[in-house]
Amino acid sequence: MMRSLAVSTLLAACVVVAPEAFAQEEGGRFYGDRILRCESKDGEDNICPADVRGGVRLLRTLSRTDCDENKTWGVSAAGVWVKDGCRADFVLGYGGTVGSGSGSRVMRCESKGNRWTHCPAETRAGVELVRQLSKNPCMRGQNWGADARGVWVSGGCRAEFRMMVDVANEAPREIVRCDSVEKRPRHCPIDTKGGVRVFRQLSRAACIEGRSWGVDDNGIWVEDGCRAEFEIHQKPQPSNG
């Protein structure tokens with residue numbers, strides 16, 4: 001009886017940690033739809049594709065090597081990047097670092113094993129190489145370039161590219177802070193018709209849309225200790241011409 005119980009317990013534990021339970025993506029492993037494991041194996045640079053628009057935060061370091069933001073890990077438009085042995089789990093969509101900037105967005109694209117690789121990105125306003133990461137030279141038109149869907153690399157080119165933004169045609173943005181103090185509900189009046197997302201979480205308590213924060217026609221609401229900065233996209237005004 002005891003042996004049977006022990007075997008059953010062991011089988012249950014195996015089910016919990018079985019790798020098949022996790023959705024696989026190239027370069028990283030998702031634990032559900034919010035936790036991303038990204039690893040720099042043998043000290044090599046790696047990028048793990050992910051939707052980083054809702055922000056990225058370091059959840060747990062798995063390596064002996066420290067994972068320092070902007071040194072051994074960071075965020076680009078394509079996902080989360082790691083290097084120099086950093087291995088960690090990251091939380092997506094609950095605020096934190098986002099892969100964007102004012103006037104431009106930087107993305108890492110890598111040709112591993114000299115293979116041709118395409119990295120989806122918005123390229124209409126132009127693309128430029130900002131930092132070469134490979135020993136092989138990255139030469140535009142030869143082993144890297146851009147098309148209407150993104151950036152391509154080949155022949156071992158690995159680099160960071162800047163996606164220029166047409167600021168004149170980009171919807172204006174505003175950053176608004178809204179805090180739930182002592183877990184009390186709070187409403188912050190603002191025009192939300194153009195769209196809202198978490199820009200940076202400031203609290204230890206997770207800011208989860210629909211649970212601890214949300215929007216209505218009159219503004220943003222927060223509760224359960226969520227404190228964050230929110231990016232407000234203003235609705236484009238119709239032209240008079």
# chains A, B, ... in the order shown; residues from 1 in each chain; ligands from 1
$ closest_atom_pairs --of "region 183-238 of chain A" --to "region 39-59 of chain A" --cutoff "10 Å" --atoms "only C-alpha atoms" --output "JSON lines"
{"residue": "A:Arg197", "atom": "CA", "partner": "A:Gly54", "partner_atom": "CA", "distance": 6.5}
{"residue": "A:Val198", "atom": "CA", "partner": "A:Gly54", "partner_atom": "CA", "distance": 5.9}
{"residue": "A:Phe199", "atom": "CA", "partner": "A:Gly55", "partner_atom": "CA", "distance": 6.7}
{"residue": "A:Arg200", "atom": "CA", "partner": "A:Gly55", "partner_atom": "CA", "distance": 7.0}
{"residue": "A:Gln201", "atom": "CA", "partner": "A:Gly55", "partner_atom": "CA", "distance": 8.4}
$ closest_residue --among "A:Ala121, A:Cys38, A:Val106, A:Ala228" --to "Gly85 (chain A)" --atoms "only C-alpha atoms"
A:Cys38
$ atom_distance --atom1 "CA of Arg162 (chain A)" --atom2 "CA of Arg140 (chain A)"
13.6 Å
$ residues_around --residues "region 184-191 of chain A" --least-positions-apart "6" --cutoff "6 Å" --atoms "only C-alpha atoms" --output "VMD selection string"
chain A and resid 218 to 223
$ select_by_dssp --residues "region 102-224 of chain A" --states "strand (DSSP E)" --output "PyMOL selection string"
chain A and resi 104-110+117-120+127-132+144-147+150-153+158-164+173-179+186-189+196-201+213-216+219-222
$ closest_residue --among "A:Lys83, A:Arg149, A:Arg177, A:Lys71" --to "Val196 (chain A)" --atoms "only C-alpha atoms"
A:Arg177
$ closest_residue --among "A:Met164, A:Ser154, A:Ile208, A:Gly195" --to "Glu231 (chain A)" --atoms "only C-alpha atoms"
A:Gly195
$ closest_residue --among "A:Thr123, A:Gln142, A:Gln132, A:Thr72" --to "Cys109 (chain A)" --atoms "only C-alpha atoms"
A:Gln132
$ residues_around --residues "Cys86 (chain A)" --least-positions-apart "6" --cutoff "6 Å" --atoms "only C-alpha atoms" --output "VMD selection string"
chain A and resid 40 63 65 67
$ write_last_selection --atoms "C-alpha atoms" --output "PDB file, in the first residue's frame"
ATOM      1  CA  SER A  40      22.316  32.132 -22.528  1.00  0.00           C
ATOM      2  CA  SER A  63      22.217  30.852 -13.404  1.00  0.00           C
ATOM      3  CA  THR A  65      25.960  34.362 -13.407  1.00  0.00           C
ATOM      4  CA  CYS A  67      21.283  38.651 -14.649  1.00  0.00           C
TER       5      CYS A  67
END
$ residues_around --residues "Val130 (chain A)" --least-positions-apart "4" --cutoff "12 Å" --atoms "only C-alpha atoms" --output "PyMOL selection string"
chain A and resi 104-109+138+158-164
$ write_last_selection --atoms "all heavy atoms" --output "CSV table (one decimal), in the first residue's frame"
chain,number,residue,atom,x,y,z
A,104,SER,N,12.3,55.7,-32.0
A,104,SER,CA,12.9,54.5,-32.6
A,104,SER,C,12.7,53.3,-31.7
A,104,SER,O,12.4,53.5,-30.5
A,104,SER,CB,14.4,54.8,-32.8
A,104,SER,OG,15.1,54.9,-31.5
A,105,ARG,N,12.9,52.1,-32.3
A,105,ARG,CA,12.9,50.9,-31.5
A,105,ARG,C,14.0,50.1,-31.9
A,105,ARG,O,14.4,49.9,-33.1
A,105,ARG,CB,11.5,50.2,-31.8
A,105,ARG,CG,10.3,50.9,-31.2
A,105,ARG,CD,9.0,50.2,-31.6
A,105,ARG,NE,7.9,50.8,-31.0
A,105,ARG,CZ,7.2,51.8,-31.4
A,105,ARG,NH1,7.6,52.5,-32.5
A,105,ARG,NH2,6.2,52.3,-30.7
A,106,VAL,N,14.7,49.4,-30.9
A,106,VAL,CA,15.9,48.6,-31.2
A,106,VAL,C,15.6,47.2,-31.1
A,106,VAL,O,14.9,46.7,-30.1
A,106,VAL,CB,17.0,49.0,-30.2
A,106,VAL,CG1,18.2,48.1,-30.4
A,106,VAL,CG2,17.5,50.5,-30.4
A,107,MET,N,16.0,46.4,-32.1
A,107,MET,CA,15.7,45.0,-32.1
A,107,MET,C,17.0,44.2,-32.4
A,107,MET,O,17.8,44.7,-33.2
A,107,MET,CB,14.7,44.7,-33.2
A,107,MET,CG,14.3,43.2,-33.4
A,107,MET,SD,13.2,43.0,-34.9
A,107,MET,CE,14.4,43.4,-36.2
A,108,ARG,N,17.1,43.0,-31.8
A,108,ARG,CA,18.3,42.2,-32.1
A,108,ARG,C,17.8,41.1,-33.1
A,108,ARG,O,16.8,40.5,-32.9
A,108,ARG,CB,18.8,41.5,-30.8
A,108,ARG,CG,19.9,40.6,-31.1
A,108,ARG,CD,20.5,40.1,-29.7
A,108,ARG,NE,21.0,41.2,-28.9
A,108,ARG,CZ,21.9,41.0,-27.9
A,108,ARG,NH1,22.3,39.8,-27.6
A,108,ARG,NH2,22.3,42.0,-27.2
A,109,CYS,N,18.6,40.9,-34.2
A,109,CYS,CA,18.4,39.9,-35.2
A,109,CYS,C,19.7,39.1,-35.4
A,109,CYS,O,20.7,39.7,-35.6
A,109,CYS,CB,17.8,40.5,-36.4
A,109,CYS,SG,17.0,39.3,-37.6
A,138,CYS,N,28.6,42.7,-40.8
A,138,CYS,CA,27.2,42.8,-41.2
A,138,CYS,C,27.2,43.9,-42.3
A,138,CYS,O,27.4,45.1,-42.0
A,138,CYS,CB,26.3,43.1,-40.1
A,138,CYS,SG,26.2,41.8,-38.9
A,158,ARG,N,25.1,39.0,-36.8
A,158,ARG,CA,24.3,39.2,-35.6
A,158,ARG,C,24.4,40.6,-35.2
A,158,ARG,O,25.5,41.1,-35.0
A,158,ARG,CB,24.7,38.2,-34.5
A,158,ARG,CG,24.6,36.8,-34.8
A,158,ARG,CD,24.9,35.9,-33.6
A,158,ARG,NE,26.3,36.0,-33.2
A,158,ARG,CZ,26.7,36.6,-32.1
A,158,ARG,NH1,25.8,37.1,-31.2
A,158,ARG,NH2,28.0,36.6,-31.8
A,159,ALA,N,23.3,41.3,-35.0
A,159,ALA,CA,23.4,42.7,-34.7
A,159,ALA,C,22.1,43.3,-34.1
A,159,ALA,O,21.1,42.6,-34.1
A,159,ALA,CB,23.7,43.5,-36.0
A,160,GLU,N,22.2,44.5,-33.6
A,160,GLU,CA,21.0,45.2,-33.1
A,160,GLU,C,20.7,46.3,-34.2
A,160,GLU,O,21.6,47.0,-34.6
A,160,GLU,CB,21.3,45.9,-31.8
A,160,GLU,CG,21.4,44.8,-30.6
A,160,GLU,CD,21.7,45.5,-29.3
A,160,GLU,OE1,22.0,46.7,-29.3
A,160,GLU,OE2,21.6,44.8,-28.3
A,161,PHE,N,19.4,46.4,-34.5
A,161,PHE,CA,19.0,47.3,-35.5
A,161,PHE,C,17.9,48.3,-34.9
A,161,PHE,O,17.1,47.9,-34.1
A,161,PHE,CB,18.3,46.5,-36.7
A,161,PHE,CG,19.2,45.5,-37.3
A,161,PHE,CD1,19.3,44.2,-36.9
A,161,PHE,CD2,20.0,45.9,-38.4
A,161,PHE,CE1,20.2,43.3,-37.5
A,161,PHE,CE2,20.9,45.0,-39.0
A,161,PHE,CZ,21.0,43.7,-38.6
A,162,ARG,N,18.0,49.5,-35.4
A,162,ARG,CA,17.0,50.5,-35.0
A,162,ARG,C,15.9,50.7,-36.0
A,162,ARG,O,16.2,50.9,-37.2
A,162,ARG,CB,17.7,51.8,-34.7
A,162,ARG,CG,16.7,52.9,-34.3
A,162,ARG,CD,17.4,54.2,-34.0
A,162,ARG,NE,18.2,54.2,-32.8
A,162,ARG,CZ,19.6,54.3,-32.7
A,162,ARG,NH1,20.2,54.5,-33.9
A,162,ARG,NH2,20.2,54.3,-31.6
A,163,MET,N,14.7,50.4,-35.5
A,163,MET,CA,13.5,50.7,-36.4
A,163,MET,C,13.1,52.1,-36.2
A,163,MET,O,12.6,52.5,-35.1
A,163,MET,CB,12.3,49.8,-36.0
A,163,MET,CG,12.7,48.3,-35.8
A,163,MET,SD,13.3,47.5,-37.3
A,163,MET,CE,14.9,47.0,-36.7
A,164,MET,N,13.2,52.9,-37.2
A,164,MET,CA,12.8,54.3,-37.0
A,164,MET,C,11.3,54.4,-37.0
A,164,MET,O,10.6,53.6,-37.6
A,164,MET,CB,13.4,55.2,-38.2
A,164,MET,CG,14.9,55.0,-38.3
A,164,MET,SD,15.8,55.3,-36.7
A,164,MET,CE,15.4,57.0,-36.4
$ closest_residue --among "A:Gly194, A:Gly225, A:Gly79, A:Gly141" --to "Cys207 (chain A)" --atoms "only C-alpha atoms"
A:Gly225
$ residues_around --residues "Arg115 (chain A)" --least-positions-apart "2" --cutoff "7 Å" --atoms "only C-alpha atoms" --output "ChimeraX atom specification"
/A:111-113,117,154-156
$ write_last_selection --atoms "N, CA and C atoms" --output "PDB file, in the first residue's frame"
ATOM      1  N   SER A 111      21.787  35.686 -37.222  1.00  0.00           N
ATOM      2  CA  SER A 111      21.955  34.560 -38.135  1.00  0.00           C
ATOM      3  C   SER A 111      22.810  33.519 -37.429  1.00  0.00           C
ATOM      4  N   LYS A 112      22.174  32.493 -36.874  1.00  0.00           N
ATOM      5  CA  LYS A 112      22.896  31.454 -36.142  1.00  0.00           C
ATOM      6  C   LYS A 112      23.222  30.311 -37.096  1.00  0.00           C
ATOM      7  N   GLY A 113      24.457  29.807 -37.012  1.00  0.00           N
ATOM      8  CA  GLY A 113      24.881  28.754 -37.916  1.00  0.00           C
ATOM      9  C   GLY A 113      24.904  29.213 -39.365  1.00  0.00           C
ATOM     10  N   THR A 117      17.809  34.285 -41.509  1.00  0.00           N
ATOM     11  CA  THR A 117      16.806  34.476 -40.457  1.00  0.00           C
ATOM     12  C   THR A 117      16.031  35.756 -40.728  1.00  0.00           C
ATOM     13  N   SER A 154      21.844  36.959 -42.630  1.00  0.00           N
ATOM     14  CA  SER A 154      22.387  35.687 -43.109  1.00  0.00           C
ATOM     15  C   SER A 154      23.888  35.702 -42.938  1.00  0.00           C
ATOM     16  N   GLY A 155      24.527  34.594 -43.258  1.00  0.00           N
ATOM     17  CA  GLY A 155      25.992  34.536 -43.248  1.00  0.00           C
ATOM     18  C   GLY A 155      26.645  34.835 -41.918  1.00  0.00           C
ATOM     19  N   GLY A 156      25.933  34.562 -40.816  1.00  0.00           N
ATOM     20  CA  GLY A 156      26.515  34.769 -39.495  1.00  0.00           C
ATOM     21  C   GLY A 156      26.401  36.172 -38.941  1.00  0.00           C
TER      22      GLY A 156
END
